[in-house]
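What follows is a single structure, written as structure tokens, with notes after it.
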Amino acid sequence: MSRTTRTKIADRRLPGPRSRVIAVGTALLICAGAAGAAAASDATEGGGAARAASGSRPHAEQREAAALTGSAKLHRKTTEDVTFTFDAHLAKRNTMRPDKATGTFRFVHLDKPGGKGGWAKGRIDCLMTGGKVATATGIITATNLKDIKGGRVGFTVHDLGKQDRVGYSWASVGGPDGTKKLPKCTSAAPFEKVRKGTGDFTVTPWHPTYPTD
């Protein structure tokens with residue numbers, strides 16, 4: 001990424017490990033542009049849709065190879081409002097092809113509830129789960145940050161029940177940069193905590209077929 005692009009991203013207040021983790025031990029997401037209350041509302045609706053979708057499949061574990069669904073906000077001691085929403089599925093017929101996963105993702109980072117910030121949404125292009133840990137990637141199809149549209153991003157979720165954890169592929173570089181070179185199903189460890197009472201994620205374990213000889 002060029003020096004000019006890095007400067008533009010910095011101007012948009014993209015918090016990340018190089019500035020925030022070193023300073024206060026937290027990272028991330030994008031905080032840019034003027035997404036405002038509309039973005040927050042959009043994220044909330046997306047979360048409701050994801051939960052409704054998962055709720056409409058009471059026996060999803062039996063009908064699909066893997067899944068990651070739900071919406072929740074990340075724990076922050078500041079006024080920041082950070083939300084992740086997933087509705088990712090791998091059909092049973094594609095058990096050995098995690099790159100055939102389908103679905104959607106969305107993330108929003110506002111400076112405060114209903115405030116200014118950045119958002120992005122896209123389509124899932126890979127999903128793998130192991131026990132209650134899921135790793136997924138997807139292509140950003142819409143965002144208020146034109147520099148990252150079309151890029152691939154990754155997510156990791158640990159479904160702990162009471163307080164889930166989340167990770168994302170840009171954890172070590174400061175913010176999504178629109179890269180198309182990120183390999184599918186690649187992300188960072190789930191180091192972030194979900195804020196209690198703001199939502200929940202559900203992971204359906206994947207059971208790949210192992211060779212018999």
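By convention here, the chains of the structure tokens are called A, B, ... in the order presented, each chain's residues are numbered starting at 1, and ligands are numbered starting at 1 in the order presented.
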Write out as a ChimeraX atom specification each polymer residue whose atoms come within 8 Å of Ile139 (chain A), counting only C-alpha atoms; drop sequence neighbours fewer than 6 positions from it. /A:122-125,150-153
Val108 (chain A): which residues within 6 Å, counting only C-alpha atoms, same-chain residues fewer than 5 positions away excluded, as a count of residues only? 4
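By chain and then residue number, the residues within 6 Å of Asp111 (chain A) are A:Glu80, A:Lys116, A:Gly117, counting only C-alpha atoms and disregarding those fewer than 5 positions away in sequence.
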Next, dump the selected residues to file, keeping only all heavy atoms, as a PDB file, in the first residue's frame.
ATOM      1  N   GLU A  80     -16.996   3.751  21.947  1.00  0.00           N
ATOM      2  CA  GLU A  80     -17.043   3.093  20.646  1.00  0.00           C
ATOM      3  C   GLU A  80     -18.119   2.014  20.576  1.00  0.00           C
ATOM      4  O   GLU A  80     -18.351   1.273  21.531  1.00  0.00           O
ATOM      5  CB  GLU A  80     -15.693   2.461  20.334  1.00  0.00           C
ATOM      6  CG  GLU A  80     -14.581   3.460  20.103  1.00  0.00           C
ATOM      7  CD  GLU A  80     -13.242   2.771  20.033  1.00  0.00           C
ATOM      8  OE1 GLU A  80     -12.755   2.317  21.081  1.00  0.00           O
ATOM      9  OE2 GLU A  80     -12.692   2.666  18.921  1.00  0.00           O
ATOM     10  N   LYS A 116     -20.614   8.773  14.276  1.00  0.00           N
ATOM     11  CA  LYS A 116     -19.926   8.649  12.994  1.00  0.00           C
ATOM     12  C   LYS A 116     -19.034   7.415  13.000  1.00  0.00           C
ATOM     13  O   LYS A 116     -18.563   6.985  14.045  1.00  0.00           O
ATOM     14  CB  LYS A 116     -19.077   9.891  12.728  1.00  0.00           C
ATOM     15  CG  LYS A 116     -19.886  11.179  12.584  1.00  0.00           C
ATOM     16  CD  LYS A 116     -18.970  12.359  12.333  1.00  0.00           C
ATOM     17  CE  LYS A 116     -19.764  13.647  12.156  1.00  0.00           C
ATOM     18  NZ  LYS A 116     -18.876  14.804  11.898  1.00  0.00           N
ATOM     19  N   GLY A 117     -18.791   6.892  11.817  1.00  0.00           N
ATOM     20  CA  GLY A 117     -17.917   5.739  11.752  1.00  0.00           C
ATOM     21  C   GLY A 117     -17.870   5.100  10.390  1.00  0.00           C
ATOM     22  O   GLY A 117     -18.292   5.683   9.389  1.00  0.00           O
TER      23      GLY A 117
END
Could you list, as a ChimeraX atom specification, every residue within 9 Å of Ala136 (chain A), counting only C-alpha atoms and ignoring same-chain residues fewer than 4 positions away? /A:68,88,101,124-129,153-157,184-187
Shortest contact to His89 (chain A), candidates A:Phe107, A:Phe191, A:Trp170, A:Trp206, atoms counted only C-alpha atoms, goes to A:Trp206
Based on DSSP run over this structure's backbone, return all residues of region 49-192 of chain A in strand (DSSP E or B), as a VMD selection string. chain A and resid 64 to 74 81 to 91 102 to 110 117 to 130 133 to 143 152 to 158 165 to 168 192
Please build the interface table for region 190-213 of chain A against region 162-165 of chain A with a cut-off of 6 Å, listing for each qualifying residue the nearest atom pair and the distance in Å to one decimal; count only C-alpha atoms, order rows by chain and increasing number, and write it as a Markdown table.
| residue | atom | partner | partner_atom | distance |
| --- | --- | --- | --- | --- |
| A:Pro190 | CA | A:Arg165 | CA | 5.3 |
| A:Glu192 | CA | A:Arg165 | CA | 5.3 |
| A:Lys193 | CA | A:Arg165 | CA | 4.6 |
| A:Val194 | CA | A:Asp164 | CA | 5.5 |
Go ahead and save the residues from that selection, with N, CA and C atoms, as a PDB file, in the first residue's frame.
ATOM      1  N   PRO A 190      -9.079 -15.269  17.965  1.00  0.00           N
ATOM      2  CA  PRO A 190     -10.217 -14.511  18.499  1.00  0.00           C
ATOM      3  C   PRO A 190      -9.866 -13.834  19.824  1.00  0.00           C
ATOM      4  N   GLU A 192     -10.630 -10.595  20.767  1.00  0.00           N
ATOM      5  CA  GLU A 192     -11.602  -9.619  21.253  1.00  0.00           C
ATOM      6  C   GLU A 192     -12.720 -10.321  22.034  1.00  0.00           C
ATOM      7  N   LYS A 193     -13.273  -9.628  23.017  1.00  0.00           N
ATOM      8  CA  LYS A 193     -14.405 -10.160  23.763  1.00  0.00           C
ATOM      9  C   LYS A 193     -15.700  -9.488  23.309  1.00  0.00           C
ATOM     10  N   VAL A 194     -16.777 -10.250  23.341  1.00  0.00           N
ATOM     11  CA  VAL A 194     -18.094  -9.699  23.039  1.00  0.00           C
ATOM     12  C   VAL A 194     -18.644  -9.026  24.290  1.00  0.00           C
TER      13      VAL A 194
END
Selection near Ala189 (chain A), 8 Å with only C-alpha atoms, sequence-local residues under 4 positions removed, as a short mmCIF file (atom, residue, chain, number, x, y, z; two decimals) with all heavy atoms, in the first residue's frame:
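As written to disk, selection06.cif reads:
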data_model
loop_
_atom_site.label_atom_id
_atom_site.label_comp_id
_atom_site.auth_asym_id
_atom_site.auth_seq_id
_atom_site.Cartn_x
_atom_site.Cartn_y
_atom_site.Cartn_z
N THR A 156 -12.63 -14.70 12.79
CA THR A 156 -12.59 -15.89 13.62
C THR A 156 -13.52 -15.67 14.80
O THR A 156 -13.46 -14.61 15.44
CB THR A 156 -11.17 -16.19 14.13
OG1 THR A 156 -10.30 -16.32 13.02
CG2 THR A 156 -11.14 -17.48 14.93
N VAL A 166 -13.93 -12.79 19.31
CA VAL A 166 -13.86 -12.50 17.88
C VAL A 166 -12.45 -12.07 17.48
O VAL A 166 -11.77 -11.36 18.23
CB VAL A 166 -14.85 -11.38 17.50
CG1 VAL A 166 -14.76 -11.07 16.01
CG2 VAL A 166 -16.28 -11.77 17.86
N GLY A 167 -12.02 -12.48 16.30
CA GLY A 167 -10.76 -12.02 15.74
C GLY A 167 -11.00 -11.62 14.29
O GLY A 167 -12.02 -11.99 13.71
N TYR A 168 -10.05 -10.90 13.67
CA TYR A 168 -10.23 -10.48 12.28
C TYR A 168 -8.86 -10.36 11.62
O TYR A 168 -7.84 -10.14 12.27
CB TYR A 168 -10.99 -9.16 12.20
CG TYR A 168 -10.81 -8.27 13.39
CD1 TYR A 168 -9.69 -7.46 13.50
CD2 TYR A 168 -11.74 -8.28 14.43
CE1 TYR A 168 -9.52 -6.66 14.62
CE2 TYR A 168 -11.56 -7.50 15.55
CZ TYR A 168 -10.45 -6.68 15.64
OH TYR A 168 -10.26 -5.88 16.75
#
